[in-house]
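**Q** File query-v1.cif follows (mmCIF, C-alpha atoms):
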data_final
loop_
_atom_site.label_atom_id
_atom_site.label_comp_id
_atom_site.auth_asym_id
_atom_site.auth_seq_id
_atom_site.Cartn_x
_atom_site.Cartn_y
_atom_site.Cartn_z
CA MET A 291 5.32 -16.18 78.41
CA VAL A 292 2.44 -15.50 80.81
CA ILE A 293 0.15 -14.64 77.90
CA ARG A 294 0.98 -17.86 76.04
CA HIS A 295 0.48 -19.96 79.17
CA THR A 296 -2.87 -18.31 79.86
CA TYR A 297 -3.99 -18.87 76.26
CA SER A 298 -3.05 -22.56 76.35
CA LEU A 299 -4.97 -23.01 79.61
CA PHE A 300 -7.95 -21.20 78.10
CA VAL A 301 -7.98 -23.45 75.00
CA ALA A 302 -7.73 -26.60 77.10
CA THR A 303 -10.60 -25.43 79.30
CA ILE A 304 -12.80 -24.63 76.31
CA ALA A 305 -11.99 -28.05 74.82
CA LEU A 306 -13.21 -29.77 77.95
CA LEU A 307 -16.36 -27.67 78.09
CA LEU A 308 -17.20 -28.50 74.49
CA GLY A 309 -16.59 -32.18 74.97
CA SER A 310 -13.69 -32.18 72.48
CA PRO A 311 -10.68 -34.20 73.61
CA VAL A 312 -7.40 -32.35 74.05
CA ALA A 313 -5.63 -35.52 72.92
CA HIS A 314 -6.97 -37.49 70.00
CA SER A 315 -8.81 -40.70 70.78
CA ALA A 316 -6.29 -42.69 68.77
CA ASP A 317 -2.53 -42.46 68.43
CA ILE A 318 -2.22 -41.36 64.80
CA THR A 319 1.18 -42.28 63.39
CA ASP A 320 0.23 -43.04 59.78
CA THR A 321 -1.93 -40.28 58.35
CA SER A 322 -2.26 -41.65 54.83
CA THR A 323 -5.67 -42.21 53.30
CA ARG A 324 -6.40 -45.84 54.04
CA ILE A 325 -8.95 -48.50 54.99
CA GLU A 326 -8.14 -50.38 58.19
CA HIS A 327 -11.09 -52.79 58.43
CA PRO A 328 -11.45 -55.53 55.76
CA ALA A 329 -15.23 -55.13 55.48
CA PHE A 330 -14.89 -51.56 54.15
CA HIS A 331 -14.42 -50.79 50.46
CA THR A 332 -14.68 -48.11 47.78
CA LEU A 333 -13.34 -45.14 49.71
CA GLN A 334 -13.89 -42.05 47.58
CA THR A 335 -13.85 -38.26 47.88
CA LYS A 336 -16.01 -35.92 45.85
CA VAL A 337 -15.79 -32.14 45.65
CA ASN A 338 -19.17 -30.55 44.91
CA GLY A 339 -20.35 -33.89 43.56
CA SER A 340 -17.37 -34.56 41.27
CA GLU A 341 -14.99 -37.47 41.86
CA GLN A 342 -12.59 -36.09 39.23
CA LEU A 343 -11.24 -33.23 41.36
CA PRO A 344 -8.52 -33.19 44.03
CA ALA A 345 -9.84 -33.29 47.60
CA VAL A 346 -9.43 -29.53 48.12
CA ILE A 347 -12.18 -27.09 49.16
CA MET A 348 -12.16 -23.33 49.75
CA LEU A 349 -12.38 -22.03 53.31
CA GLY A 350 -15.61 -20.14 54.00
CA SER A 351 -17.11 -20.96 50.61
CA ASP A 352 -20.08 -23.06 49.53
CA ASP A 353 -17.73 -25.92 48.58
CA ARG A 354 -18.68 -29.31 49.96
CA LEU A 355 -16.45 -32.35 50.33
CA THR A 356 -18.19 -35.74 50.38
CA ILE A 357 -16.43 -38.82 51.74
CA ALA A 358 -18.18 -41.99 50.53
CA PHE A 359 -17.53 -45.62 51.42
CA ASP A 360 -19.24 -49.00 51.76
CA GLU A 361 -19.27 -51.72 54.38
CA LEU A 362 -20.08 -55.29 53.32
CA ALA A 363 -22.73 -55.98 55.93
CA GLU A 364 -26.43 -56.70 56.37
CA ASP A 365 -27.09 -53.81 58.74
CA ARG A 366 -25.70 -50.38 59.50
CA ARG A 367 -22.83 -49.83 61.88
CA TYR A 368 -22.95 -47.04 64.45
CA MET A 369 -19.91 -44.94 63.68
CA ARG A 370 -18.50 -41.55 64.50
CA TYR A 371 -15.83 -39.40 62.93
CA GLU A 372 -13.40 -36.69 63.96
CA LEU A 373 -11.13 -34.22 62.20
CA ILE A 374 -7.42 -33.90 62.94
CA HIS A 375 -5.47 -30.86 61.80
CA CYS A 376 -2.05 -31.70 60.36
CA ASP A 377 1.03 -29.74 59.36
CA MET A 378 2.24 -29.51 55.78
CA ARG A 379 4.02 -32.88 56.10
CA TRP A 380 0.82 -34.56 57.33
CA ARG A 381 1.84 -34.88 60.95
CA PRO A 382 -0.79 -34.02 63.61
CA ASP A 383 0.22 -30.51 64.65
CA GLY A 384 -1.10 -30.55 68.21
CA LEU A 385 -3.88 -28.01 67.79
CA VAL A 386 -6.95 -28.79 69.86
CA ALA A 387 -10.35 -28.95 68.21
CA PRO A 388 -11.70 -25.51 69.30
CA GLU A 389 -8.73 -23.90 67.55
CA TYR A 390 -9.56 -25.29 64.11
CA LEU A 391 -13.28 -26.17 64.34
CA ASP A 392 -16.56 -24.48 65.05
CA GLY A 393 -18.80 -27.06 66.66
CA PHE A 394 -17.88 -30.42 68.13
CA ASN A 395 -15.06 -32.64 66.95
CA GLU A 396 -17.24 -35.71 67.08
CA ALA A 397 -20.25 -36.52 64.94
CA GLN A 398 -22.25 -39.59 64.05
CA VAL A 399 -22.22 -41.06 60.54
CA GLU A 400 -25.92 -40.65 59.83
CA ASP A 401 -26.17 -40.66 56.03
CA TYR A 402 -26.46 -44.29 54.94
CA ASN A 403 -28.42 -46.45 52.49
CA TYR A 404 -28.68 -50.19 51.92
CA SER A 405 -27.67 -51.83 48.65
CA GLN A 406 -30.51 -52.71 46.31
CA ALA A 407 -30.83 -55.98 44.32
CA THR A 408 -27.14 -56.83 44.56
CA ALA A 409 -25.51 -60.22 45.15
CA ALA A 410 -23.16 -58.62 47.67
CA HIS A 411 -25.05 -56.90 50.47
CA TYR A 412 -23.54 -53.66 51.72
CA VAL A 413 -24.33 -50.36 53.39
CA HIS A 414 -23.31 -47.17 51.61
CA TYR A 415 -22.23 -44.24 53.83
CA GLU A 416 -21.50 -40.60 53.12
CA ILE A 417 -20.01 -37.79 55.23
CA GLU A 418 -20.17 -34.18 54.11
CA ILE A 419 -17.70 -31.50 55.26
CA PRO A 420 -18.49 -28.85 56.41
CA ASN A 421 -21.80 -29.63 58.10
CA GLU A 422 -23.96 -28.33 60.95
CA ASP A 423 -21.97 -30.24 63.56
CA MET A 424 -18.47 -29.61 62.25
CA ARG A 425 -17.21 -26.50 60.44
CA PRO A 426 -13.44 -26.07 59.91
CA ARG A 427 -12.27 -22.57 60.69
CA LEU A 428 -8.62 -22.83 59.59
CA SER A 429 -7.02 -23.70 56.29
CA GLY A 430 -4.45 -26.47 55.98
CA ASN A 431 -4.28 -30.25 55.91
CA TYR A 432 -7.05 -32.29 57.53
CA LEU A 433 -7.44 -35.97 58.32
CA LEU A 434 -10.95 -37.35 58.77
CA ARG A 435 -10.96 -40.48 60.94
CA VAL A 436 -13.94 -42.87 61.18
CA TYR A 437 -14.34 -45.25 64.12
CA ASP A 438 -16.93 -47.53 65.69
CA GLU A 439 -18.83 -46.00 68.61
CA SER A 440 -17.93 -48.99 70.76
CA SER A 441 -14.19 -48.80 69.93
CA PRO A 442 -13.20 -45.16 69.55
CA ASP A 443 -9.48 -45.93 69.66
CA LYS A 444 -9.61 -48.23 66.61
CA THR A 445 -9.66 -46.59 63.20
CA LEU A 446 -11.95 -48.08 60.56
CA LEU A 447 -10.78 -45.77 57.78
CA GLN A 448 -9.31 -42.31 57.33
CA VAL A 449 -9.10 -39.74 54.53
CA ARG A 450 -6.83 -36.81 53.77
CA PHE A 451 -8.19 -33.55 52.39
CA ASN A 452 -7.17 -29.89 52.15
CA ILE A 453 -8.84 -26.58 52.90
CA VAL A 454 -7.37 -23.54 51.18
CA GLU A 455 -7.74 -19.81 51.71
CA ALA A 456 -7.07 -17.96 48.44
CA LEU A 457 -4.33 -15.57 49.52
CA ALA A 458 -1.72 -16.38 46.86
CA HIS A 459 -2.14 -16.90 43.14
CA VAL A 460 -0.27 -19.95 41.88
CA SER A 461 0.64 -20.72 38.27
CA ALA A 462 2.62 -23.66 36.96
CA SER A 463 3.71 -25.34 33.74
CA ALA A 464 5.26 -28.70 32.95
CA SER A 465 7.79 -29.25 30.17
CA SER A 466 9.50 -32.29 28.69
CA ARG A 467 12.62 -30.18 28.09
CA THR A 468 14.20 -30.73 31.48
CA ASP A 469 17.57 -30.03 33.05
CA ILE A 470 18.54 -33.70 32.67
CA ASP A 471 17.06 -34.67 29.28
CA HIS A 472 15.09 -33.21 26.40
CA ASN A 473 11.96 -34.99 25.17
CA GLU A 474 13.04 -38.32 26.60
CA SER A 475 11.71 -39.70 29.89
CA HIS A 476 11.13 -36.83 32.33
CA GLN A 477 9.00 -33.75 32.91
CA GLN A 478 9.99 -30.64 34.85
CA LEU A 479 7.80 -28.07 36.55
CA THR A 480 8.19 -24.31 36.72
CA ILE A 481 6.09 -22.67 39.44
CA ALA A 482 5.31 -19.02 40.23
CA VAL A 483 3.55 -17.83 43.39
CA ASP A 484 2.20 -14.28 43.58
CA THR A 485 2.28 -13.50 47.31
CA ASP A 486 0.90 -9.96 47.09
CA GLY A 487 -2.16 -10.78 49.20
CA ALA A 488 -0.51 -13.22 51.58
CA ASP A 489 1.49 -10.91 53.88
CA ILE A 490 4.59 -13.15 54.05
CA ALA A 491 7.48 -11.60 55.95
CA ASN A 492 10.16 -14.04 54.74
CA VAL A 493 9.38 -16.41 51.87
CA PHE A 494 12.57 -18.39 52.55
CA SER A 495 11.69 -19.33 56.12
CA ASP A 496 7.90 -18.92 56.26
CA MET A 497 6.68 -20.47 52.98
CA ALA A 498 6.97 -23.86 51.28
CA ILE A 499 5.28 -25.81 48.50
CA THR A 500 4.41 -29.45 47.95
CA VAL A 501 3.99 -31.05 44.54
CA SER A 502 2.33 -34.37 43.75
CA GLN A 503 1.96 -36.23 40.46
CA ASN A 504 -1.39 -37.90 39.67
CA GLY A 505 -2.40 -38.08 43.33
CA ARG A 506 0.55 -40.29 44.27
CA ILE A 507 2.03 -39.88 47.73
CA ASP A 508 5.20 -41.92 47.24
CA ASN A 509 6.91 -39.41 44.90
CA SER A 510 5.47 -36.13 46.21
CA VAL A 511 8.05 -33.47 47.10
CA THR A 512 8.26 -30.55 49.51
CA ILE A 513 10.38 -27.51 48.64
CA GLY A 514 11.33 -24.63 50.89
CA ASN A 515 13.64 -22.14 49.26
CA PRO A 516 12.54 -20.59 45.96
CA SER A 517 14.92 -20.08 43.04
CA ARG A 518 14.36 -16.33 42.81
CA ILE A 519 12.02 -13.50 43.77
CA ALA A 520 10.80 -10.69 41.54
CA GLY A 521 8.75 -8.16 43.47
CA LYS A 522 6.01 -10.11 45.23
CA THR A 523 6.30 -13.13 42.93
CA VAL A 524 8.26 -16.17 44.05
CA TYR A 525 9.67 -18.55 41.44
CA TYR A 526 10.64 -22.21 41.63
CA GLU A 527 12.73 -22.92 38.54
CA HIS A 528 15.45 -25.38 37.52
CA ASN A 529 14.97 -27.26 40.76
CA PRO A 530 16.03 -30.95 40.60
CA SER A 531 13.17 -31.85 42.96
CA LEU A 532 10.69 -30.64 40.34
CA ILE A 533 11.87 -33.20 37.77
CA PHE A 534 9.57 -36.25 37.66
CA PRO A 535 9.76 -39.49 35.67
CA ALA A 536 7.15 -39.02 32.96
CA GLY A 537 5.50 -42.43 33.35
CA ASN A 538 2.83 -43.49 30.90
CA GLU A 539 -0.91 -43.02 30.45
CA TYR A 540 -2.90 -44.99 33.03
CA ARG A 541 -4.43 -48.29 32.00
CA ARG A 542 -8.23 -48.48 31.93
CA MET A 543 -10.82 -51.16 32.58
CA GLU A 544 -14.58 -51.21 33.15
CA ILE A 545 -16.78 -53.60 35.11
CA VAL A 546 -20.08 -51.83 34.59
CA SER A 547 -22.23 -54.91 33.93
CA THR A 548 -22.67 -58.36 35.44
CA THR A 549 -24.07 -59.77 32.19
CA TYR A 550 -21.39 -58.84 29.63
CA PRO A 551 -17.62 -58.18 29.79
CA GLY A 552 -16.64 -54.52 29.74
CA MET A 553 -13.47 -52.81 28.59
CA GLY A 554 -10.41 -54.91 29.41
CA VAL A 555 -12.47 -57.84 30.72
CA GLU A 556 -11.79 -61.27 29.20
CA SER A 557 -14.46 -63.25 31.04
CA LEU A 558 -17.23 -62.69 33.55
CA GLY A 559 -19.09 -65.16 35.73
CA TYR A 560 -20.65 -65.87 39.10
CA ALA A 561 -19.28 -68.09 41.85
CA ASP A 562 -21.19 -67.76 45.09
CA PRO A 563 -21.13 -65.30 46.79
CA TYR A 564 -19.55 -62.90 44.23
CA TYR A 565 -19.35 -62.16 40.55
CA HIS A 566 -15.85 -62.63 39.12
CA ALA A 567 -14.20 -60.68 36.31
CA THR A 568 -10.94 -61.88 34.77
CA LEU A 569 -9.11 -59.08 33.00
CA TYR A 570 -7.02 -59.61 29.90
CA THR A 571 -3.42 -60.19 30.88
CA ASP A 572 -1.57 -56.87 30.89
CA GLN A 573 1.66 -56.57 28.94
CA PRO A 574 4.70 -54.45 29.83
CA ARG A 575 4.89 -51.14 27.95
CA ASP A 576 8.45 -50.09 28.73
CA GLU A 577 9.65 -50.87 25.18
CA LEU A 578 6.48 -49.90 23.31
CA PRO A 579 6.02 -46.53 21.57
CA TYR A 580 3.86 -43.97 23.28
CA THR A 581 0.13 -44.14 22.60
CA PHE A 582 -2.16 -41.33 23.73
CA ASP A 583 -5.19 -42.21 25.83
CA SER A 584 -7.51 -39.89 27.73
CA THR A 585 -7.55 -41.06 31.35
CA GLN A 586 -8.41 -39.69 34.78
CA HIS A 587 -4.91 -40.08 36.22
CA GLY A 588 -5.66 -43.01 38.50
CA ARG A 589 -9.18 -42.14 39.62
CA PHE A 590 -12.28 -44.28 39.38
CA ARG A 591 -16.00 -43.72 38.85
CA ILE A 592 -18.69 -45.98 40.30
CA ARG A 593 -21.17 -46.96 37.59
CA GLU A 594 -23.63 -49.73 36.89
CA TYR A 595 -24.80 -49.28 33.32
CA ASN A 596 -28.48 -49.97 34.09
CA ALA A 597 -28.81 -48.36 37.51
CA ASP A 598 -30.67 -45.26 38.63
CA ASP A 599 -28.34 -44.90 41.63
CA SER A 600 -25.02 -46.67 41.20
CA ASP A 601 -23.97 -45.88 44.78
CA THR A 602 -26.43 -48.50 46.04
CA GLU A 603 -27.25 -50.55 42.93
CA ALA A 604 -23.72 -51.36 41.72
CA ASP A 605 -22.54 -54.82 42.75
CA TYR A 606 -19.18 -56.01 43.99
CA ILE A 607 -17.01 -58.07 41.64
CA VAL A 608 -13.86 -60.05 42.42
CA THR A 609 -11.53 -58.64 39.78
CA HIS A 610 -8.53 -60.72 38.72
CA PHE A 611 -5.44 -58.89 37.44
CA SER A 612 -2.47 -60.52 35.72
CA LEU A 613 0.76 -59.11 34.33
CA ALA A 614 3.06 -60.87 31.87
CA VAL A 615 6.55 -59.95 33.04
CA PRO A 616 9.35 -62.24 34.27
CA GLU A 617 9.81 -62.64 38.00
CA HIS A 618 11.92 -59.84 39.48
CA PRO A 619 13.63 -60.98 42.70
CA GLY A 620 14.11 -58.15 45.14
CA ILE A 621 11.30 -56.09 43.63
CA ASP A 622 7.62 -55.85 44.55
CA ILE A 623 5.04 -54.86 41.97
CA PHE A 624 1.97 -52.93 43.11
CA ILE A 625 -1.27 -51.79 41.49
CA ASP A 626 -1.42 -48.01 41.81
CA GLY A 627 -4.61 -45.94 41.70
CA ASP A 628 -7.27 -44.44 43.92
CA MET A 629 -8.85 -47.89 44.20
CA THR A 630 -5.84 -48.98 46.32
CA GLN A 631 -5.63 -45.62 48.15
CA ARG A 632 -2.19 -45.19 46.50
CA ARG A 633 -0.68 -47.45 49.15
CA PHE A 634 1.96 -50.14 48.83
CA SER A 635 0.27 -52.81 50.91
CA PRO A 636 -0.77 -56.49 50.68
CA GLU A 637 -4.09 -55.27 49.25
CA SER A 638 -2.29 -53.86 46.18
CA ARG A 639 0.72 -56.18 45.78
CA MET A 640 1.04 -58.54 42.83
CA VAL A 641 2.32 -62.07 43.54
CA PHE A 642 4.33 -64.07 40.98
CA ASN A 643 2.69 -67.39 40.11
CA ARG A 644 5.36 -69.80 38.87
CA ALA A 645 2.71 -72.13 37.49
CA THR A 646 1.38 -69.50 35.08
CA GLY A 647 4.51 -67.38 34.77
CA LEU A 648 2.46 -64.28 35.59
CA TYR A 649 2.20 -61.73 38.35
CA GLU A 650 -1.34 -61.99 39.72
CA HIS A 651 -3.63 -60.27 42.18
CA SER A 652 -7.37 -60.21 42.88
CA MET A 653 -9.40 -57.38 44.41
CA LEU A 654 -13.03 -56.96 45.36
CA LEU A 655 -14.14 -53.88 43.42
CA LYS A 656 -17.44 -52.11 43.06
CA GLN A 657 -18.80 -51.85 39.54
CA GLY A 658 -17.38 -48.90 37.68
CA ALA A 659 -14.64 -47.52 35.44
CA TYR A 660 -11.10 -47.68 36.84
CA ASN A 661 -7.67 -46.26 36.05
CA TYR A 662 -4.56 -48.07 37.25
CA GLN A 663 -0.88 -48.62 36.60
CA TYR A 664 1.89 -50.91 37.85
CA LEU A 665 4.68 -49.55 40.05
CA ALA A 666 7.87 -51.39 40.95
CA VAL A 667 9.30 -50.91 44.45
CA ASP A 668 12.70 -52.15 45.63
CA ARG A 669 12.52 -54.41 48.67
CA ASN A 670 15.46 -52.64 50.30
CA GLY A 671 13.13 -50.49 52.36
CA SER A 672 12.32 -48.03 49.57
CA THR A 673 8.95 -46.30 49.60
CA LEU A 674 9.27 -44.96 46.03
CA GLY A 675 7.47 -46.59 43.13
CA HIS A 676 9.04 -46.68 39.67
CA THR A 677 7.16 -46.60 36.37
CA SER A 678 10.20 -47.37 34.20
CA LEU A 679 10.27 -51.16 34.70
CA ILE A 680 6.75 -51.97 33.46
CA GLU A 681 4.95 -48.86 32.20
CA GLY A 682 7.93 -47.02 30.76
CA ASP A 683 8.59 -43.29 30.93
CA ARG A 684 7.32 -41.33 27.93
CA TYR A 685 7.79 -37.58 27.84
CA GLN A 686 4.47 -37.11 25.98
CA THR A 687 2.43 -38.52 28.90
CA THR A 688 -0.40 -36.37 30.24
CA ASN A 689 0.23 -36.12 33.99
CA GLU A 690 -1.72 -34.07 36.52
CA TYR A 691 0.42 -32.11 38.96
CA LEU A 692 -1.09 -30.60 42.12
CA ILE A 693 0.78 -27.70 43.75
CA LEU A 694 -0.04 -26.62 47.31
CA VAL A 695 1.45 -23.49 48.91
CA TYR A 696 1.84 -23.30 52.70
CA HIS A 697 2.63 -20.38 54.98
CA ARG A 698 3.46 -20.39 58.68
CA ARG A 699 3.61 -16.94 60.20
CA PRO A 700 6.16 -16.30 62.96
CA GLY A 701 4.61 -17.41 66.24
CA GLU A 702 1.80 -19.43 64.63
CA ARG A 703 1.37 -23.11 65.46
CA TYR A 704 0.01 -24.39 62.19
CA ASP A 705 0.68 -24.35 58.45
CA ARG A 706 -2.01 -22.45 56.60
CA LEU A 707 -2.72 -23.41 53.00
CA ILE A 708 -2.73 -20.14 51.05
CA GLY A 709 -2.77 -21.24 47.42
CA VAL A 710 -3.37 -24.21 45.16
CA THR A 711 -3.35 -25.03 41.48
CA SER A 712 -3.10 -28.01 39.19
CA THR A 713 -1.55 -28.29 35.77
CA LEU A 714 -1.44 -30.92 33.06
CA SER A 715 1.66 -31.95 31.14
CA GLY A 716 1.91 -33.37 27.66
CA ILE A 717 -0.81 -31.22 26.08
#
Please express the file's structure as structure tokens.
**A**
Amino acid sequence: MVIRHTYSLFVATIALLLGSPVAHSADITDTSTRIEHPAFHTLQTKVNGSEQLPAVIMLGSDDRLTIAFDELAEDRRYMRYELIHCDMRWRPDGLVAPEYLDGFNEAQVEDYNYSQATAAHYVHYEIEIPNEDMRPRLSGNYLLRVYDESSPDKTLLQVRFNIVEALAHVSASASSRTDIDHNESHQQLTIAVDTDGADIANVFSDMAITVSQNGRIDNSVTIGNPSRIAGKTVYYEHNPSLIFPAGNEYRRMEIVSTTYPGMGVESLGYADPYYHATLYTDQPRDELPYTFDSTQHGRFRIREYNADDSDTEADYIVTHFSLAVPEHPGIDIFIDGDMTQRRFSPESRMVFNRATGLYEHSMLLKQGAYNYQYLAVDRNGSTLGHTSLIEGDRYQTTNEYLILVYHRRPGERYDRLIGVTSTLSGI
């Protein structure tokens, strides 16, 4: 007891000496990736320059995570950011900065560039982790929070990412022959974790996994007890929590030009101060046969077809979505994809227009290629989106499943991330 008390006092003292707050500058209750200020747009993570990878980097490696975003503004904003270490369920775990960081837990957003020859004026920002000011020293879940220098308690935006230490080898497969149906509307995962290098005393109490489908947070699951153990390998098999609705391939559209309509665009024009793109009205697919399409599982890529640097030369376009389904009282319909940060919010909710008989929604999007789908959410307080109502559930669908393996040693105060893998279904 004396040793633990002395250690806690030591950590608090070091935190004060380094200028890192023992308590975070904002009360973080919602740790989802999200934009809080309406002037900010196009929040994106890239791993080693690729926007097509999960936001996971290796501890102590040369991996670099880039967080990019824009602010619609004429001049730069003076902003800072901090990192918050979270447990496996994305709750701040109470560690103070010197425990999980080398350096200071406060740095200025210094990498910025102004838009070039665009109708919408904006400033493009990037943050790279790790960097000279901030180097994570523990694995696990991290939340990066950006705030204005003049209002440190108000969050402008925040982003989740993971840092893994490769102590366990993870393998997984997805099958349409599930414990509830065969080649119908679901997919089931089988997962094996080789813990030989992880030094886990009790896999039942000290280890857990989380599984997400296509980057969604609403239907992700956390599992503690494995199905069986063979030597040092832990298996998760025939677990009802590992059965997912199969969904359908993501829809695609492109707004890569301001002079001609791209994929999925019916009309394009300019109405001061923005360009406007009206997409073809989407149709429900729940009763249509499955059609294969190669997508990026809800991600997007910024691209202006004639630009040397799309990050600063792509324009912003008001993009009008419409969906031809009857009104569903008691159900909200949301646009799901990285462009909405996978959140069920007013910024992603479709509204039924009785005059047109369509669900409609408009978003200000940066030029690029986008994946999206429609999810139905019951208004009874549910936080789970359903693909069955509009997209349908087709067992052949290619879904991307991300598996994260966590370990908390007895006496430790944080969940270390010891293994990660992703697998594709339907191929």
**Q** Kindly resolve the PyMOL selection byres ((chain A and resi 607) around 6) on the present coordinates and return the residues as a PyMOL selection string.
**A** chain A and resi 565-566+606+608-609+654-655
**Q** Let me make sure I understand: among A:Lys444, A:Arg591, A:His459, A:His651, which one has the smallest atom-to-atom distance to Leu694 of chain A if we use only C-alpha atoms?
**A**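 Smallest distance to Leu694 of chain A is found for A:His459.
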**Q** Around (-16.8, -28.2, 53.6) in the file's frame, which residues reach within 9 Å when counting all atoms listed in the file? Return as a list of chain:residue names?
**A**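 Every residue inside that radius is included here: A:Val337, A:Ile347, A:Met348, A:Leu349, A:Gly350, A:Ser351, A:Asp352, A:Asp353, A:Arg354, A:Leu355, A:Thr356, A:Glu418, A:Ile419, A:Pro420, A:Asn421, A:Met424, A:Arg425, A:Pro426, A:Ile453.
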**Q** For the file shown, what are the residues hit by the PyMOL selection byres ((chain A and resi 499-512) around 7), laid out as a list of chain:residue names?
**A**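 Against this file, the PyMOL selection byres ((chain A and resi 499-512) around 7) returns the residues A:Ala498, A:Ile513, A:Gly514, A:Ser531, A:His587, A:Gly588, A:Arg632, A:Thr673, A:Leu674, A:Gly675, A:Asn689, A:Glu690, A:Tyr691, A:Leu692, A:Ile693, A:Leu694, A:Val695, A:Tyr696.
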**Q** So what do you get for atom CA of Leu447 of chain A versus atom CA of Ser672 of chain A, distance-wise?
**A**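 Between atom CA of Leu447 of chain A and atom CA of Ser672 of chain A the gap is 24.6 Å.
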**Q** List the spatial neighbours of Gly552 of chain A as number ranges by chain - criterion: any atom at most 10 Å away, only C-alpha atoms, same-chain residues fewer than 6 positions off excluded.
**A** A: 543-546, 558, 567, 569, 658-659
**Q** Given the file shown, enumerate the residues that the PyMOL selection byres ((chain A and resi 457) around 6) captures and present them as a PyMOL selection string.
**A** chain A and resi 455-456+458+487-488+708
**Q** Please list as a list in words every residue within 8 Å of segment 699-702 of chain A, counting only C-alpha atoms and excluding residues in the same chain fewer than 5 positions away.
**A**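 Residues meeting the cut-off are Ile490, Ala491 and Asp496 of chain A.
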**Q** Counting only C-alpha atoms, I want the residues whose atoms come within 7 Å of (-15.8, -41.4, 51.7) in the file frame, returned as number ranges by chain.
**A** A: 333-335, 356-359, 416-417
**Q** Find the residue from A:Ile519, A:Leu385, A:Met369, A:Ile374 that sits nearest to Val399 of chain A; use all atoms listed in the file when measuring.
**A**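 The closest residue to Val399 of chain A is A:Met369.
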**Q** Neighbours of segment 619-623 of chain A within 10 Å (only C-alpha atoms; same-chain residues fewer than 2 positions away dropped), as a list of chain:residue names?
**A**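 So, after excluding close chain neighbours, the residues are A:Leu613, A:Pro616, A:Glu617, A:Ile625, A:Asp626, A:Phe634, A:Ser638, A:Arg639, A:Met640, A:Val641, A:Phe642, A:Tyr649, A:Glu650, A:Tyr664, A:Leu665, A:Ala666, A:Val667, A:Asp668, A:Arg669, A:Asn670, A:Gly675, A:His676, A:Leu679, A:Ile680.
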**Q** For Gln657 of chain A, please output as a PyMOL selection string all residues within 6 Å (counting all atoms listed in the file; exclusion window: fewer than 3 positions along the same chain).
**A** chain A and resi 545-546+592-594+604-605
**Q** Between atom CA of Ser463 of chain A and atom CA of Ser712 of chain A, measure the distance and give it in Å to one decimal.
**A**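 Rounded to one decimal, the two atoms are 9.1 Å apart.
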**Q** Would you mind telling me which residue in A:Leu433, A:Gly384, A:Ile325, A:Asp320 lies nearest to Ala345 of chain A when using all atoms listed in the file?
**A** A:Leu433
**Q** Atom CA of Ser612 of chain A and atom CA of Ser557 of chain A are how many Å apart?
**A** 13.2 Å
**Q** Which residues are near Val413 of chain A? Cut-off 9 Å, all atoms listed in the file, ignore same chain within fewer than 5 positions. Put them as a compact mmCIF listing (two decimals) with C-alpha atoms, in the frame of the given file.
**A**
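Wrote it out as out-v7.txt, contents follow:
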# COMPACT_ATOMS: atom_id res chain seq x y z
CA PHE A 359 -17.53 -45.62 51.42
CA ASP A 360 -19.24 -49.00 51.76
CA GLU A 361 -19.27 -51.72 54.38
CA LEU A 362 -20.08 -55.29 53.32
CA ALA A 363 -22.73 -55.98 55.93
CA GLU A 364 -26.43 -56.70 56.37
CA ASP A 365 -27.09 -53.81 58.74
CA ARG A 366 -25.70 -50.38 59.50
CA ARG A 367 -22.83 -49.83 61.88
CA TYR A 402 -26.46 -44.29 54.94
CA ASN A 403 -28.42 -46.45 52.49
CA TYR A 404 -28.68 -50.19 51.92
CA SER A 405 -27.67 -51.83 48.65
CA THR A 602 -26.43 -48.50 46.04
